[in-house]
Amino acid sequence: MLDLRNFKPCLLLAMPQLQDPNFHHSVVLLVEYDSEGAFGLVVNRQIDRTLGQVERPESPVDQQLHAASIWYGGPVELDNAMVIFEAKEPDLVLALGDKVASLGDGLHVTGNTSILTTHADLLSKSRFKVVAGHADWGMAQLDNEIAQSSWLAAPLDRDLIFSEFDTMWTRAVRSLGIDPTQLATAMPAEGESELAN
């Protein structure tokens, strides 16, 4: 169970029991968790679009970042993007000021997407992901899902977040000493919706 008093950002690994297709085999970067609820970003579901393909005149993207992939961050507010990046360049964090959250392990997240233009030179020197949408949970909702064995918590791992997305979940589960093939898949009872509330 997550500890409200001593919470540190971590990874949530969706278990086969979680029937919501939005989170099938998802690895979620859990950014916030408190008595009011939780907020996270899925990091292992790539969208078949690049930054250059979705660029808008009102929010241009620097040319050197056009080939960067876009990631599905979760089903909430898909029109809004956030940037997860590592801080190889301290000037990048300093330039963003209070518009960036430091998560630990040299990892940061910001909703200030102007970083894709104004700080593209610095960003291009670091590993980063642009995620569209996010996941959130209401009061006690995540606690209940964890109690139902829908999620496992794993330590924050920057290298895992920026690794190959199609094997990320398997490697994350194995990092906990668990064989993914031994995890049972719980099928919904007949007549039950496959979508979680």
# chains A, B, ... in the order shown; residues from 1 in each chain; ligands from 1
call {"tool": "residues_around", "arguments": {"residues": "stretch 41-56 of chain A", "least_positions_apart": "2", "cutoff": "10 Å", "atoms": "only C-alpha atoms", "output": "VMD selection string"}}
result
chain A and resid 11 to 13 22 to 31 39 58 to 75 82 84 109 116 129 to 136 160 to 169
call {"tool": "write_last_selection", "arguments": {"atoms": "C-alpha atoms", "output": "CSV table (one decimal), in the first residue's frame"}}
result
chain,number,residue,atom,x,y,z
A,11,LEU,CA,5.6,3.5,-10.8
A,12,LEU,CA,2.2,1.8,-10.8
A,13,LEU,CA,2.0,-1.5,-12.8
A,22,ASN,CA,-7.3,2.3,-20.9
A,23,PHE,CA,-4.8,0.7,-18.6
A,24,HIS,CA,-4.1,-2.8,-20.0
A,25,HIS,CA,-0.5,-3.7,-19.0
A,26,SER,CA,0.1,0.0,-18.4
A,27,VAL,CA,3.1,1.4,-16.5
A,28,VAL,CA,2.0,4.7,-14.8
A,29,LEU,CA,4.3,7.3,-13.4
A,30,LEU,CA,2.5,8.3,-10.2
A,31,VAL,CA,3.2,12.0,-9.8
A,39,PHE,CA,-2.5,11.9,-10.5
A,58,GLU,CA,-0.4,28.8,-31.9
A,59,SER,CA,2.1,26.3,-30.3
A,60,PRO,CA,4.9,25.6,-32.7
A,61,VAL,CA,7.4,22.9,-32.1
A,62,ASP,CA,11.1,23.4,-32.8
A,63,GLN,CA,12.2,21.6,-36.0
A,64,GLN,CA,14.7,19.4,-34.2
A,65,LEU,CA,12.0,17.8,-32.1
A,66,HIS,CA,9.5,17.1,-35.0
A,67,ALA,CA,10.3,13.4,-35.2
A,68,ALA,CA,9.7,12.9,-31.4
A,69,SER,CA,6.8,10.4,-30.7
A,70,ILE,CA,3.7,11.3,-28.7
A,71,TRP,CA,2.6,9.1,-25.8
A,72,TYR,CA,-0.8,8.3,-24.4
A,73,GLY,CA,-0.7,9.6,-20.8
A,74,GLY,CA,-4.2,8.6,-19.8
A,75,PRO,CA,-7.9,9.0,-20.7
A,82,MET,CA,2.8,17.3,-20.4
A,84,ILE,CA,8.5,14.2,-18.8
A,109,VAL,CA,7.6,16.8,-15.4
A,116,LEU,CA,9.3,22.3,-27.0
A,129,LYS,CA,8.5,12.1,-23.5
A,130,VAL,CA,5.5,14.2,-24.5
A,131,VAL,CA,2.4,12.6,-23.2
A,132,ALA,CA,-1.2,13.5,-24.1
A,133,GLY,CA,-3.8,13.2,-21.4
A,134,HIS,CA,-3.3,11.8,-17.9
A,135,ALA,CA,-4.8,9.5,-15.3
A,136,ASP,CA,-6.4,10.6,-12.1
A,160,LEU,CA,12.8,2.1,-17.4
A,161,ILE,CA,10.6,5.0,-18.3
A,162,PHE,CA,12.7,5.8,-21.3
A,163,SER,CA,13.2,2.2,-22.4
A,164,GLU,CA,11.5,0.2,-25.1
A,165,PHE,CA,7.8,0.6,-24.5
A,166,ASP,CA,6.6,-2.7,-25.7
A,167,THR,CA,8.5,-4.7,-23.1
A,168,MET,CA,8.4,-2.1,-20.3
A,169,TRP,CA,5.6,-3.7,-18.3
call {"tool": "select_by_dssp", "arguments": {"residues": "stretch 120-181 of chain A", "states": "strand (DSSP E)", "output": "ChimeraX atom specification"}}
result
/A:128-137,151-155
call {"tool": "residues_around", "arguments": {"residues": "A:Tyr33", "least_positions_apart": "3", "cutoff": "7 Å", "atoms": "only C-alpha atoms", "output": "PyMOL selection string"}}
result
chain A and resi 4+7+37-39
call {"tool": "closest_residue", "arguments": {"among": "A:Gln19, A:Gln182, A:Thr110, A:Thr170", "to": "A:Phe128", "atoms": "only C-alpha atoms"}}
result
A:Thr110
call {"tool": "residues_around", "arguments": {"residues": "A:Leu92", "least_positions_apart": "3", "cutoff": "8 Å", "atoms": "only C-alpha atoms", "output": "PyMOL selection string"}}
result
chain A and resi 87+89+95-96+119+122-123
call {"tool": "write_last_selection", "arguments": {"atoms": "N, CA and C atoms", "output": "mmCIF file, in the first residue's frame"}}
result
data_model
loop_
_atom_site.group_PDB
_atom_site.id
_atom_site.type_symbol
_atom_site.label_atom_id
_atom_site.label_comp_id
_atom_site.auth_asym_id
_atom_site.auth_seq_id
_atom_site.Cartn_x
_atom_site.Cartn_y
_atom_site.Cartn_z
ATOM 1 N N ALA A 87 16.970 15.555 -16.235
ATOM 2 C CA ALA A 87 17.671 16.834 -16.095
ATOM 3 C C ALA A 87 19.162 16.699 -16.325
ATOM 4 N N GLU A 89 20.590 18.677 -18.279
ATOM 5 C CA GLU A 89 20.963 20.085 -18.400
ATOM 6 C C GLU A 89 20.297 20.870 -17.273
ATOM 7 N N ALA A 95 15.371 27.247 -15.969
ATOM 8 C CA ALA A 95 14.608 28.105 -16.883
ATOM 9 C C ALA A 95 13.103 27.959 -16.673
ATOM 10 N N LEU A 96 12.659 26.770 -16.275
ATOM 11 C CA LEU A 96 11.224 26.536 -16.083
ATOM 12 C C LEU A 96 10.732 27.037 -14.734
ATOM 13 N N HIS A 119 12.991 26.008 -25.270
ATOM 14 C CA HIS A 119 14.149 25.324 -24.695
ATOM 15 C C HIS A 119 14.479 24.036 -25.454
ATOM 16 N N LEU A 122 18.116 22.600 -25.277
ATOM 17 C CA LEU A 122 18.437 21.900 -24.034
ATOM 18 C C LEU A 122 17.678 20.583 -23.932
ATOM 19 N N LEU A 123 16.407 20.605 -24.332
ATOM 20 C CA LEU A 123 15.585 19.403 -24.232
ATOM 21 C C LEU A 123 16.105 18.302 -25.138
#
call {"tool": "select_by_dssp", "arguments": {"residues": "stretch 6-189 of chain A", "states": "alpha helix (DSSP H)", "output": "number ranges by chain"}}
result
A: 51-54, 90-96, 115-118, 120-123, 141-147, 158-161, 168-174
call {"tool": "write_last_selection", "arguments": {"atoms": "C-alpha atoms", "output": "compact mmCIF listing (two decimals), in the first residue's frame"}}
result
# COMPACT_ATOMS: atom_id res chain seq x y z
CA LEU A 51 5.18 16.19 -32.66
CA GLY A 52 5.65 17.48 -36.19
CA GLN A 53 2.37 15.91 -37.30
CA VAL A 54 0.29 17.53 -34.56
CA PRO A 90 20.43 21.94 -15.07
CA ASP A 91 19.74 25.13 -17.01
CA LEU A 92 16.56 23.53 -18.36
CA VAL A 93 15.11 23.07 -14.86
CA LEU A 94 16.21 26.54 -13.80
CA ALA A 95 14.61 28.11 -16.88
CA LEU A 96 11.22 26.54 -16.08
CA ILE A 115 9.56 24.02 -23.53
CA LEU A 116 9.25 22.34 -26.96
CA THR A 117 10.07 25.65 -28.60
CA THR A 118 11.84 27.96 -26.19
CA ALA A 120 14.36 22.81 -27.55
CA ASP A 121 18.17 22.93 -27.68
CA LEU A 122 18.44 21.90 -24.03
CA LEU A 123 15.59 19.40 -24.23
CA GLN A 141 -10.14 5.32 -5.38
CA LEU A 142 -6.54 4.28 -5.99
CA ASP A 143 -6.30 2.77 -2.51
CA ASN A 144 -9.34 0.62 -3.27
CA GLU A 145 -7.92 -0.49 -6.62
CA ILE A 146 -4.63 -1.44 -4.99
CA ALA A 147 -6.50 -3.37 -2.29
CA ARG A 158 14.18 6.70 -14.93
CA ASP A 159 15.92 4.25 -17.28
CA LEU A 160 12.82 2.05 -17.39
CA ILE A 161 10.59 5.03 -18.26
CA MET A 168 8.44 -2.06 -20.28
CA TRP A 169 5.60 -3.65 -18.30
CA THR A 170 7.19 -7.10 -18.33
CA ARG A 171 10.57 -5.76 -17.21
CA ALA A 172 8.95 -3.63 -14.51
CA VAL A 173 7.10 -6.63 -13.07
CA ARG A 174 10.27 -8.73 -13.18
